[in-house]
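J.: File name final.pdb; file contents PDB, C-alpha atoms, pLDDT in the B column; full text below.
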```
ATOM      1  CA  MET A   1     -23.961   3.535  76.048  1.00 45.00           C
ATOM      2  CA  GLU A   2     -27.701   2.945  75.911  1.00 51.00           C
ATOM      3  CA  MET A   3     -28.993   0.692  73.147  1.00 53.00           C
ATOM      4  CA  PRO A   4     -32.751   1.387  72.902  1.00 55.00           C
ATOM      5  CA  ASP A   5     -33.268  -0.498  69.641  1.00 78.00           C
ATOM      6  CA  LEU A   6     -31.297  -3.646  70.423  1.00 90.00           C
ATOM      7  CA  THR A   7     -33.094  -6.730  69.079  1.00 94.00           C
ATOM      8  CA  PRO A   8     -32.309 -10.455  69.328  1.00 95.00           C
ATOM      9  CA  ASP A   9     -31.151 -10.450  65.694  1.00 96.00           C
ATOM     10  CA  MET A  10     -28.785  -7.542  66.349  1.00 95.00           C
ATOM     11  CA  LEU A  11     -27.506  -9.386  69.395  1.00 96.00           C
ATOM     12  CA  LEU A  12     -26.544 -12.409  67.292  1.00 97.00           C
ATOM     13  CA  LYS A  13     -24.756 -10.153  64.817  1.00 97.00           C
ATOM     14  CA  ALA A  14     -22.831  -8.591  67.698  1.00 97.00           C
ATOM     15  CA  TYR A  15     -21.699 -12.010  68.921  1.00 98.00           C
ATOM     16  CA  ALA A  16     -20.548 -12.837  65.401  1.00 98.00           C
ATOM     17  CA  VAL A  17     -18.071  -9.930  65.515  1.00 97.00           C
ATOM     18  CA  GLY A  18     -16.949 -10.569  69.087  1.00 97.00           C
ATOM     19  CA  VAL A  19     -18.917  -8.128  71.263  1.00 97.00           C
ATOM     20  CA  PHE A  20     -21.625  -8.690  73.844  1.00 96.00           C
ATOM     21  CA  PRO A  21     -23.850  -6.543  76.101  1.00 96.00           C
ATOM     22  CA  MET A  22     -23.845  -6.095  79.871  1.00 95.00           C
ATOM     23  CA  ALA A  23     -25.583  -3.898  82.412  1.00 93.00           C
ATOM     24  CA  GLU A  24     -23.870  -2.122  85.294  1.00 91.00           C
ATOM     25  CA  ASP A  25     -26.101  -3.961  87.756  1.00 90.00           C
ATOM     26  CA  ARG A  26     -29.471  -5.669  88.138  1.00 89.00           C
ATOM     27  CA  GLY A  27     -31.426  -2.446  88.619  1.00 88.00           C
ATOM     28  CA  ASP A  28     -29.781  -0.416  85.811  1.00 89.00           C
ATOM     29  CA  PRO A  29     -32.010  -0.424  82.686  1.00 87.00           C
ATOM     30  CA  GLU A  30     -29.192   0.509  80.292  1.00 90.00           C
ATOM     31  CA  LEU A  31     -26.775  -1.787  78.466  1.00 93.00           C
ATOM     32  CA  PHE A  32     -23.284  -1.272  77.099  1.00 93.00           C
ATOM     33  CA  TRP A  33     -21.106  -3.225  74.666  1.00 95.00           C
ATOM     34  CA  VAL A  34     -18.089  -5.189  75.902  1.00 96.00           C
ATOM     35  CA  ASP A  35     -15.123  -6.191  73.734  1.00 97.00           C
ATOM     36  CA  PRO A  36     -12.385  -7.503  76.067  1.00 96.00           C
ATOM     37  CA  ARG A  37      -8.744  -6.919  75.153  1.00 97.00           C
ATOM     38  CA  MET A  38      -8.014 -10.444  76.425  1.00 98.00           C
ATOM     39  CA  ARG A  39     -10.725 -13.034  75.838  1.00 98.00           C
ATOM     40  CA  GLY A  40     -11.376 -16.118  77.954  1.00 98.00           C
ATOM     41  CA  ILE A  41     -12.075 -19.329  76.040  1.00 98.00           C
ATOM     42  CA  ILE A  42     -12.099 -23.067  76.715  1.00 98.00           C
ATOM     43  CA  PRO A  43     -10.877 -24.986  73.650  1.00 98.00           C
ATOM     44  CA  LEU A  44     -13.014 -28.115  73.788  1.00 97.00           C
ATOM     45  CA  GLU A  45     -10.161 -30.406  72.776  1.00 96.00           C
ATOM     46  CA  ARG A  46      -8.428 -29.478  76.048  1.00 94.00           C
ATOM     47  CA  PHE A  47     -11.464 -29.412  78.349  1.00 97.00           C
ATOM     48  CA  HIS A  48     -10.409 -30.941  81.666  1.00 96.00           C
ATOM     49  CA  VAL A  49     -12.510 -32.170  84.591  1.00 97.00           C
ATOM     50  CA  PRO A  50     -10.833 -31.893  88.019  1.00 95.00           C
ATOM     51  CA  ARG A  51     -10.445 -35.274  89.718  1.00 94.00           C
ATOM     52  CA  ARG A  52     -12.801 -34.683  92.653  1.00 95.00           C
ATOM     53  CA  LEU A  53     -15.487 -33.306  90.351  1.00 97.00           C
ATOM     54  CA  ARG A  54     -15.356 -36.481  88.249  1.00 97.00           C
ATOM     55  CA  ARG A  55     -16.614 -38.433  91.238  1.00 96.00           C
ATOM     56  CA  THR A  56     -19.435 -35.956  91.756  1.00 97.00           C
ATOM     57  CA  VAL A  57     -20.528 -36.172  88.116  1.00 97.00           C
ATOM     58  CA  ARG A  58     -20.452 -39.971  88.173  1.00 96.00           C
ATOM     59  CA  SER A  59     -22.372 -40.103  91.456  1.00 95.00           C
ATOM     60  CA  GLY A  60     -25.547 -38.816  89.832  1.00 94.00           C
ATOM     61  CA  ARG A  61     -26.080 -36.423  92.733  1.00 96.00           C
ATOM     62  CA  PHE A  62     -27.867 -34.021  90.394  1.00 98.00           C
ATOM     63  CA  GLU A  63     -30.462 -34.551  87.715  1.00 97.00           C
ATOM     64  CA  VAL A  64     -29.098 -32.688  84.701  1.00 97.00           C
ATOM     65  CA  THR A  65     -31.368 -31.443  81.908  1.00 97.00           C
ATOM     66  CA  PHE A  66     -31.136 -29.078  78.955  1.00 97.00           C
ATOM     67  CA  ASP A  67     -33.579 -26.332  77.987  1.00 97.00           C
ATOM     68  CA  ARG A  68     -36.207 -27.403  80.513  1.00 97.00           C
ATOM     69  CA  ASP A  69     -36.250 -24.160  82.515  1.00 98.00           C
ATOM     70  CA  PHE A  70     -34.354 -21.388  80.753  1.00 98.00           C
ATOM     71  CA  GLU A  71     -36.274 -18.691  82.622  1.00 98.00           C
ATOM     72  CA  GLY A  72     -35.484 -20.283  85.980  1.00 98.00           C
ATOM     73  CA  VAL A  73     -31.787 -20.493  85.154  1.00 98.00           C
ATOM     74  CA  ILE A  74     -31.413 -16.913  83.933  1.00 98.00           C
ATOM     75  CA  GLU A  75     -33.346 -15.634  86.953  1.00 97.00           C
ATOM     76  CA  GLY A  76     -31.045 -17.684  89.179  1.00 96.00           C
ATOM     77  CA  CYS A  77     -28.019 -16.138  87.480  1.00 96.00           C
ATOM     78  CA  ALA A  78     -29.501 -12.642  87.912  1.00 95.00           C
ATOM     79  CA  ALA A  79     -30.255 -13.055  91.619  1.00 92.00           C
ATOM     80  CA  SER A  80     -27.962 -11.436  94.156  1.00 81.00           C
ATOM     81  CA  THR A  81     -26.368 -13.603  96.826  1.00 76.00           C
ATOM     82  CA  ALA A  82     -24.217 -13.024  99.884  1.00 69.00           C
ATOM     83  CA  GLY A  83     -21.114 -13.759  97.832  1.00 70.00           C
ATOM     84  CA  ARG A  84     -22.352 -11.880  94.768  1.00 72.00           C
ATOM     85  CA  PRO A  85     -24.445  -8.886  95.867  1.00 69.00           C
ATOM     86  CA  ARG A  86     -24.439  -7.306  92.384  1.00 80.00           C
ATOM     87  CA  THR A  87     -25.033  -8.914  88.993  1.00 85.00           C
ATOM     88  CA  TRP A  88     -24.869  -7.544  85.453  1.00 91.00           C
ATOM     89  CA  ILE A  89     -28.108  -9.220  84.313  1.00 95.00           C
ATOM     90  CA  ASN A  90     -31.001  -6.760  84.187  1.00 95.00           C
ATOM     91  CA  ASP A  91     -34.589  -7.125  82.949  1.00 94.00           C
ATOM     92  CA  ARG A  92     -33.597  -6.205  79.427  1.00 94.00           C
ATOM     93  CA  ILE A  93     -30.927  -8.909  79.312  1.00 96.00           C
ATOM     94  CA  ILE A  94     -33.486 -11.436  80.560  1.00 97.00           C
ATOM     95  CA  GLU A  95     -35.979 -10.396  77.869  1.00 97.00           C
ATOM     96  CA  LEU A  96     -33.431 -10.481  75.031  1.00 97.00           C
ATOM     97  CA  TYR A  97     -31.899 -13.835  75.904  1.00 98.00           C
ATOM     98  CA  THR A  98     -35.264 -15.429  76.584  1.00 98.00           C
ATOM     99  CA  SER A  99     -36.229 -14.394  73.042  1.00 98.00           C
ATOM    100  CA  LEU A 100     -33.028 -16.027  71.759  1.00 98.00           C
ATOM    101  CA  HIS A 101     -33.960 -19.162  73.675  1.00 98.00           C
ATOM    102  CA  HIS A 102     -37.369 -19.286  72.014  1.00 97.00           C
ATOM    103  CA  SER A 103     -35.614 -19.102  68.626  1.00 97.00           C
ATOM    104  CA  ARG A 104     -33.201 -21.908  69.701  1.00 96.00           C
ATOM    105  CA  HIS A 105     -30.140 -19.663  69.786  1.00 97.00           C
ATOM    106  CA  ALA A 106     -29.798 -19.638  73.583  1.00 98.00           C
ATOM    107  CA  HIS A 107     -29.718 -22.718  75.777  1.00 98.00           C
ATOM    108  CA  SER A 108     -29.733 -23.611  79.440  1.00 98.00           C
ATOM    109  CA  VAL A 109     -28.394 -26.484  81.507  1.00 98.00           C
ATOM    110  CA  GLU A 110     -30.286 -27.219  84.713  1.00 98.00           C
ATOM    111  CA  CYS A 111     -29.161 -29.130  87.791  1.00 98.00           C
ATOM    112  CA  ARG A 112     -31.890 -30.348  90.125  1.00 98.00           C
ATOM    113  CA  ARG A 113     -31.795 -32.143  93.427  1.00 97.00           C
ATOM    114  CA  ASP A 114     -34.979 -33.773  94.691  1.00 96.00           C
ATOM    115  CA  GLY A 115     -36.801 -31.998  91.855  1.00 96.00           C
ATOM    116  CA  GLU A 116     -35.647 -28.514  92.884  1.00 98.00           C
ATOM    117  CA  LEU A 117     -33.534 -26.303  90.608  1.00 98.00           C
ATOM    118  CA  VAL A 118     -30.270 -25.772  92.500  1.00 98.00           C
ATOM    119  CA  GLY A 119     -27.893 -24.615  89.782  1.00 98.00           C
ATOM    120  CA  GLY A 120     -27.200 -24.245  86.111  1.00 98.00           C
ATOM    121  CA  LEU A 121     -25.899 -22.065  83.325  1.00 98.00           C
ATOM    122  CA  TYR A 122     -27.026 -20.455  80.090  1.00 98.00           C
ATOM    123  CA  GLY A 123     -25.423 -19.167  76.924  1.00 98.00           C
ATOM    124  CA  VAL A 124     -25.722 -18.493  73.210  1.00 98.00           C
ATOM    125  CA  SER A 125     -25.051 -21.007  70.438  1.00 98.00           C
ATOM    126  CA  LEU A 126     -23.818 -19.724  67.105  1.00 98.00           C
ATOM    127  CA  LYS A 127     -22.369 -22.100  64.505  1.00 98.00           C
ATOM    128  CA  ARG A 128     -19.463 -23.907  66.263  1.00 98.00           C
ATOM    129  CA  VAL A 129     -19.161 -21.566  69.257  1.00 98.00           C
ATOM    130  CA  PHE A 130     -21.020 -21.622  72.547  1.00 98.00           C
ATOM    131  CA  PHE A 131     -20.904 -18.246  74.296  1.00 98.00           C
ATOM    132  CA  GLY A 132     -21.226 -18.960  77.999  1.00 98.00           C
ATOM    133  CA  GLU A 133     -23.053 -16.129  79.718  1.00 97.00           C
ATOM    134  CA  SER A 134     -23.543 -16.922  83.384  1.00 96.00           C
ATOM    135  CA  MET A 135     -23.961 -19.718  85.898  1.00 96.00           C
ATOM    136  CA  PHE A 136     -25.361 -20.034  89.394  1.00 96.00           C
ATOM    137  CA  SER A 137     -25.236 -22.580  92.163  1.00 96.00           C
ATOM    138  CA  GLU A 138     -27.356 -23.046  95.267  1.00 95.00           C
ATOM    139  CA  ALA A 139     -25.819 -26.445  95.999  1.00 97.00           C
ATOM    140  CA  HIS A 140     -22.123 -27.293  96.089  1.00 95.00           C
ATOM    141  CA  ASP A 141     -20.731 -28.139  92.628  1.00 97.00           C
ATOM    142  CA  ALA A 142     -24.085 -27.772  90.834  1.00 98.00           C
ATOM    143  CA  SER A 143     -22.877 -25.221  88.274  1.00 97.00           C
ATOM    144  CA  LYS A 144     -19.633 -27.168  87.726  1.00 97.00           C
ATOM    145  CA  VAL A 145     -21.574 -30.336  86.992  1.00 98.00           C
ATOM    146  CA  ALA A 146     -23.709 -28.356  84.531  1.00 98.00           C
ATOM    147  CA  LEU A 147     -20.547 -27.158  82.773  1.00 98.00           C
ATOM    148  CA  VAL A 148     -19.198 -30.703  82.415  1.00 98.00           C
ATOM    149  CA  HIS A 149     -22.459 -31.935  80.895  1.00 97.00           C
ATOM    150  CA  LEU A 150     -22.497 -28.928  78.561  1.00 97.00           C
ATOM    151  CA  ALA A 151     -18.944 -29.634  77.377  1.00 97.00           C
ATOM    152  CA  ALA A 152     -19.790 -33.275  76.653  1.00 97.00           C
ATOM    153  CA  ARG A 153     -22.773 -32.203  74.555  1.00 97.00           C
ATOM    154  CA  LEU A 154     -20.770 -29.567  72.680  1.00 97.00           C
ATOM    155  CA  ILE A 155     -17.968 -31.999  71.867  1.00 96.00           C
ATOM    156  CA  ALA A 156     -20.490 -34.557  70.608  1.00 95.00           C
ATOM    157  CA  GLY A 157     -22.139 -31.849  68.506  1.00 96.00           C
ATOM    158  CA  GLY A 158     -18.930 -30.653  66.810  1.00 96.00           C
ATOM    159  CA  TYR A 159     -18.346 -27.329  68.570  1.00 97.00           C
ATOM    160  CA  SER A 160     -14.918 -25.709  68.611  1.00 98.00           C
ATOM    161  CA  PHE A 161     -14.757 -23.788  71.879  1.00 98.00           C
ATOM    162  CA  ILE A 162     -16.673 -22.212  74.739  1.00 98.00           C
ATOM    163  CA  ASP A 163     -16.333 -18.440  74.908  1.00 98.00           C
ATOM    164  CA  THR A 164     -16.162 -17.643  78.635  1.00 98.00           C
ATOM    165  CA  GLN A 165     -15.671 -13.893  77.934  1.00 97.00           C
ATOM    166  CA  PHE A 166     -13.332 -13.519  80.914  1.00 95.00           C
ATOM    167  CA  ILE A 167     -11.140 -16.003  82.739  1.00 94.00           C
ATOM    168  CA  THR A 168     -11.285 -16.906  86.411  1.00 92.00           C
ATOM    169  CA  LYS A 169      -9.320 -19.295  88.595  1.00 90.00           C
ATOM    170  CA  HIS A 170     -12.412 -21.502  88.661  1.00 90.00           C
ATOM    171  CA  LEU A 171     -12.616 -21.673  84.836  1.00 95.00           C
ATOM    172  CA  SER A 172      -8.868 -22.169  84.392  1.00 96.00           C
ATOM    173  CA  ARG A 173      -9.228 -25.526  86.176  1.00 95.00           C
ATOM    174  CA  PHE A 174     -11.369 -26.663  83.231  1.00 97.00           C
ATOM    175  CA  GLY A 175      -8.786 -25.584  80.646  1.00 97.00           C
ATOM    176  CA  ALA A 176      -9.761 -21.940  80.094  1.00 97.00           C
ATOM    177  CA  VAL A 177      -7.074 -19.705  78.620  1.00 97.00           C
ATOM    178  CA  GLU A 178      -6.824 -16.063  77.605  1.00 97.00           C
ATOM    179  CA  VAL A 179      -6.188 -15.039  74.024  1.00 98.00           C
ATOM    180  CA  PRO A 180      -5.629 -11.518  72.653  1.00 98.00           C
ATOM    181  CA  ARG A 181      -8.546  -9.835  70.926  1.00 98.00           C
ATOM    182  CA  ASN A 182      -7.113 -10.150  67.413  1.00 98.00           C
ATOM    183  CA  GLU A 183      -6.315 -13.844  67.876  1.00 98.00           C
ATOM    184  CA  TYR A 184      -9.800 -14.427  69.254  1.00 98.00           C
ATOM    185  CA  ARG A 185     -11.407 -12.814  66.232  1.00 98.00           C
ATOM    186  CA  VAL A 186      -9.499 -15.118  63.891  1.00 98.00           C
ATOM    187  CA  MET A 187     -10.631 -18.144  65.924  1.00 98.00           C
ATOM    188  CA  LEU A 188     -14.199 -16.870  65.972  1.00 98.00           C
ATOM    189  CA  ALA A 189     -14.315 -16.293  62.223  1.00 98.00           C
ATOM    190  CA  GLU A 190     -13.002 -19.797  61.591  1.00 98.00           C
ATOM    191  CA  ALA A 191     -15.550 -21.398  63.947  1.00 98.00           C
ATOM    192  CA  LEU A 192     -18.409 -19.436  62.379  1.00 98.00           C
ATOM    193  CA  ARG A 193     -17.637 -20.953  58.984  1.00 96.00           C
ATOM    194  CA  GLY A 194     -18.625 -24.412  60.210  1.00 93.00           C
ATOM    195  CA  GLU A 195     -21.751 -26.043  61.586  1.00 95.00           C
ATOM    196  CA  ALA A 196     -22.474 -27.815  64.849  1.00 96.00           C
ATOM    197  CA  THR A 197     -25.508 -29.470  66.400  1.00 95.00           C
ATOM    198  CA  PHE A 198     -26.667 -28.712  69.924  1.00 95.00           C
ATOM    199  CA  ALA A 199     -29.995 -30.506  70.031  1.00 84.00           C
ATOM    200  CA  ASN A 200     -28.894 -34.123  69.542  1.00 80.00           C
ATOM    201  CA  GLY A 201     -27.092 -34.184  72.864  1.00 78.00           C
ATOM    202  CA  ALA A 202     -24.443 -36.473  74.256  1.00 80.00           C
ATOM    203  CA  GLY A 203     -24.770 -40.044  75.423  1.00 83.00           C
ATOM    204  CA  ALA A 204     -23.359 -41.663  78.530  1.00 88.00           C
ATOM    205  CA  GLU A 205     -20.291 -42.722  76.558  1.00 91.00           C
ATOM    206  CA  ASP A 206     -19.575 -39.113  75.531  1.00 92.00           C
ATOM    207  CA  LEU A 207     -19.803 -37.975  79.139  1.00 94.00           C
ATOM    208  CA  GLU A 208     -17.531 -40.777  80.319  1.00 94.00           C
ATOM    209  CA  ALA A 209     -14.997 -39.950  77.590  1.00 93.00           C
ATOM    210  CA  ILE A 210     -14.633 -36.402  78.871  1.00 94.00           C
ATOM    211  CA  LEU A 211     -14.316 -37.642  82.460  1.00 95.00           C
ATOM    212  CA  ARG A 212     -11.439 -39.949  81.498  1.00 92.00           C
ATOM    213  CA  ARG A 213      -9.300 -37.173  80.012  1.00 87.00           C
TER
END
```
Take the structure in the file and give it back as structure tokens.

T.:
Amino acid sequence: MEMPDLTPDMLLKAYAVGVFPMAEDRGDPELFWVDPRMRGIIPLERFHVPRRLRRTVRSGRFEVTFDRDFEGVIEGCAASTAGRPRTWINDRIIELYTSLHHSRHAHSVECRRDGELVGGLYGVSLKRVFFGESMFSEAHDASKVALVHLAARLIAGGYSFIDTQFITKHLSRFGAVEVPRNEYRVMLAEALRGEATFANGAGAEDLEAILRR
């Protein structure tokens, strides 16, 4: 279903009731609403870092930053690769979420190596929920490292869970679970009654605490 009048404000209202937009592929200008019957989430109290990845995070292999290059991250997520020839992020998605970023409702995590952007993720922050949208990686483990740093910041800021929309084997290793739509809506409503802080970030001790779980 085409949504010609969709605005950033309408997009936030859609997230607040549990729906989000997608495109069929990168070149399709139209969007449609998605409301999964089973929703993927990562409860932050059970976020888990796989053992091998802990060593990678501690090694400092990547320089990790927040909100330094939102446009670069979303373009990286939208790009087709050999393993992912089609993506659901079209020009309209890029425009809408970039607008949300400028209003501090959408955030990015960047991983750089030797100054070059090699991976990251982006998503929407609303009250005590972070809605993860997409991630990309041009270097082994870059997007996973970004996710660990994001989780540490969200825990420090008082968030409740990461909405992953769908669940994959990759995300289940971090503690992602599926919940039915009705259960998800109850969790969402509860989390939207509270407040959290994204901007203050997490210190080295917060990151180490999540690695020791």

J.: Pull out every residue that the PyMOL selection byres ((chain A and resi 148) around 10) matches in the shown coordinates and put them as a PyMOL selection string.

T.: chain A and resi 47-49+53-54+57+143-147+149-154+174+207+210-211

J.: Produce a file of the selected residues containing C-alpha atoms, as a short mmCIF file (atom, residue, chain, number, x, y, z; two decimals), keeping the file's coordinate frame.

T.:
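The resulting part-v4.cif:
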```cif
data_model
loop_
_atom_site.label_atom_id
_atom_site.label_comp_id
_atom_site.auth_asym_id
_atom_site.auth_seq_id
_atom_site.Cartn_x
_atom_site.Cartn_y
_atom_site.Cartn_z
CA PHE A 47 -11.46 -29.41 78.35
CA HIS A 48 -10.41 -30.94 81.67
CA VAL A 49 -12.51 -32.17 84.59
CA LEU A 53 -15.49 -33.31 90.35
CA ARG A 54 -15.36 -36.48 88.25
CA VAL A 57 -20.53 -36.17 88.12
CA SER A 143 -22.88 -25.22 88.27
CA LYS A 144 -19.63 -27.17 87.73
CA VAL A 145 -21.57 -30.34 86.99
CA ALA A 146 -23.71 -28.36 84.53
CA LEU A 147 -20.55 -27.16 82.77
CA HIS A 149 -22.46 -31.94 80.90
CA LEU A 150 -22.50 -28.93 78.56
CA ALA A 151 -18.94 -29.63 77.38
CA ALA A 152 -19.79 -33.28 76.65
CA ARG A 153 -22.77 -32.20 74.56
CA LEU A 154 -20.77 -29.57 72.68
CA PHE A 174 -11.37 -26.66 83.23
CA LEU A 207 -19.80 -37.98 79.14
CA ILE A 210 -14.63 -36.40 78.87
CA LEU A 211 -14.32 -37.64 82.46
#
```

J.: Enter the distance from CA of Val179 (chain A) to CA of Pro43 (chain A), in Å, rounded to one decimal.

T.: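 Pair CA of Val179 (chain A) / CA of Pro43 (chain A) returns 11.0 Å.
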
J.: Using only C-alpha atoms, which residue out of A:Glu75, A:Asp35, A:Asp69, A:Glu138 lies closest to Asn90 (chain A)?

T.: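 Of A:Glu75, A:Asp35, A:Asp69, A:Glu138, the one nearest Asn90 (chain A) is A:Glu75, counting only C-alpha atoms.
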
J.: Would you kindly identify which residues have an atom no farther than 12 Å from (-23.3, -2.0, 84.8), using only C-alpha atoms and the file's own coordinates, and write them out as a PyMOL selection string?

T.: chain A and resi 1-2+21-34+86-90+93

J.: Would you pick out the contacts of region 62-67 of chain A at 6 Å or less, using all atoms listed in the file, so that residues sharing its chain but fewer than 3 positions from it are not included, and give the list as a list in words?

T.: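 My list of contacting residues is Phe70, His107, Ser108, Val109, Glu110, Cys111, Arg112 and Arg113 of chain A.
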
J.: Given the selection you just returned, output its residues as a file containing C-alpha atoms, formatted as an mmCIF file, in the coordinates of the input.

T.:
```cif
data_model
loop_
_atom_site.group_PDB
_atom_site.id
_atom_site.type_symbol
_atom_site.label_atom_id
_atom_site.label_comp_id
_atom_site.auth_asym_id
_atom_site.auth_seq_id
_atom_site.Cartn_x
_atom_site.Cartn_y
_atom_site.Cartn_z
ATOM 1 C CA PHE A 70 -34.354 -21.388 80.753
ATOM 2 C CA HIS A 107 -29.718 -22.718 75.777
ATOM 3 C CA SER A 108 -29.733 -23.611 79.440
ATOM 4 C CA VAL A 109 -28.394 -26.484 81.507
ATOM 5 C CA GLU A 110 -30.286 -27.219 84.713
ATOM 6 C CA CYS A 111 -29.161 -29.130 87.791
ATOM 7 C CA ARG A 112 -31.890 -30.348 90.125
ATOM 8 C CA ARG A 113 -31.795 -32.143 93.427
#
```

J.: Would you pick out the contacts of Arg185 (chain A) at 12 Å or less, using all atoms listed in the file, so that residues sharing its chain but fewer than 6 positions from it are not included, and give the list as a PyMOL selection string?

T.: chain A and resi 15-19+35-39+41+163+179+191-192

J.: Tell me, in Å to one decimal, how far CA of Tyr122 (chain A) is from CA of Glu183 (chain A).

T.: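 Separation between CA of Tyr122 (chain A) and CA of Glu183 (chain A): 24.9 Å.
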
J.: Of the candidates A:Ser137, A:Thr164, A:Ser103, A:Thr7, which shows the shortest atom-to-atom distance to Gly120 (chain A), using all atoms listed in the file?

T.: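 For Gly120 (chain A), the nearest of the candidates is A:Ser137.
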
J.: Can you list, as a ChimeraX atom specification, the residues that the PyMOL selection byres ((chain A and resi 8) around 7) selects here?

T.: /A:6-7,9-12,96,99-100

J.: Return region 72-87 of chain A, completed with N, CA and C atoms, as a PDB file, in the coordinates of the input.

T.:
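Saved to part_36.pdb:
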```
ATOM      1  N   GLY A  72     -35.941 -20.055  84.616  1.00 98.00           N
ATOM      2  CA  GLY A  72     -35.484 -20.283  85.980  1.00 98.00           C
ATOM      3  C   GLY A  72     -33.983 -20.134  86.121  1.00 98.00           C
ATOM      4  N   VAL A  73     -33.244 -20.594  85.115  1.00 98.00           N
ATOM      5  CA  VAL A  73     -31.787 -20.493  85.154  1.00 98.00           C
ATOM      6  C   VAL A  73     -31.333 -19.040  85.045  1.00 98.00           C
ATOM      7  N   ILE A  74     -31.879 -18.291  84.095  1.00 98.00           N
ATOM      8  CA  ILE A  74     -31.413 -16.913  83.933  1.00 98.00           C
ATOM      9  C   ILE A  74     -31.813 -16.060  85.143  1.00 98.00           C
ATOM     10  N   GLU A  75     -32.961 -16.350  85.735  1.00 97.00           N
ATOM     11  CA  GLU A  75     -33.346 -15.634  86.953  1.00 97.00           C
ATOM     12  C   GLU A  75     -32.406 -16.012  88.095  1.00 97.00           C
ATOM     13  N   GLY A  76     -32.000 -17.278  88.164  1.00 96.00           N
ATOM     14  CA  GLY A  76     -31.045 -17.684  89.179  1.00 96.00           C
ATOM     15  C   GLY A  76     -29.703 -16.995  89.006  1.00 96.00           C
ATOM     16  N   CYS A  77     -29.279 -16.827  87.757  1.00 96.00           N
ATOM     17  CA  CYS A  77     -28.019 -16.138  87.480  1.00 96.00           C
ATOM     18  C   CYS A  77     -28.119 -14.642  87.812  1.00 96.00           C
ATOM     19  N   ALA A  78     -29.313 -14.073  87.666  1.00 95.00           N
ATOM     20  CA  ALA A  78     -29.501 -12.642  87.912  1.00 95.00           C
ATOM     21  C   ALA A  78     -29.661 -12.309  89.387  1.00 95.00           C
ATOM     22  N   ALA A  79     -29.979 -13.307  90.204  1.00 92.00           N
ATOM     23  CA  ALA A  79     -30.255 -13.055  91.619  1.00 92.00           C
ATOM     24  C   ALA A  79     -28.978 -12.701  92.379  1.00 92.00           C
ATOM     25  N   SER A  80     -29.095 -11.779  93.303  1.00 81.00           N
ATOM     26  CA  SER A  80     -27.962 -11.436  94.156  1.00 81.00           C
ATOM     27  C   SER A  80     -27.849 -12.446  95.286  1.00 81.00           C
ATOM     28  N   THR A  81     -26.630 -12.675  95.720  1.00 76.00           N
ATOM     29  CA  THR A  81     -26.368 -13.603  96.826  1.00 76.00           C
ATOM     30  C   THR A  81     -25.402 -12.924  97.790  1.00 76.00           C
ATOM     31  N   ALA A  82     -25.156 -13.580  98.910  1.00 69.00           N
ATOM     32  CA  ALA A  82     -24.217 -13.024  99.884  1.00 69.00           C
ATOM     33  C   ALA A  82     -22.823 -12.872  99.279  1.00 69.00           C
ATOM     34  N   GLY A  83     -22.432 -13.827  98.460  1.00 70.00           N
ATOM     35  CA  GLY A  83     -21.114 -13.759  97.832  1.00 70.00           C
ATOM     36  C   GLY A  83     -21.083 -12.958  96.553  1.00 70.00           C
ATOM     37  N   ARG A  84     -22.259 -12.632  96.019  1.00 72.00           N
ATOM     38  CA  ARG A  84     -22.352 -11.880  94.768  1.00 72.00           C
ATOM     39  C   ARG A  84     -23.531 -10.907  94.883  1.00 72.00           C
ATOM     40  N   PRO A  85     -23.335  -9.809  95.616  1.00 69.00           N
ATOM     41  CA  PRO A  85     -24.445  -8.886  95.867  1.00 69.00           C
ATOM     42  C   PRO A  85     -24.919  -8.139  94.623  1.00 69.00           C
ATOM     43  N   ARG A  86     -24.059  -8.009  93.618  1.00 80.00           N
ATOM     44  CA  ARG A  86     -24.439  -7.306  92.384  1.00 80.00           C
ATOM     45  C   ARG A  86     -24.248  -8.228  91.188  1.00 80.00           C
ATOM     46  N   THR A  87     -25.179  -8.173  90.236  1.00 85.00           N
ATOM     47  CA  THR A  87     -25.033  -8.914  88.993  1.00 85.00           C
ATOM     48  C   THR A  87     -25.246  -7.966  87.827  1.00 85.00           C
TER      49      THR A  87
END
```
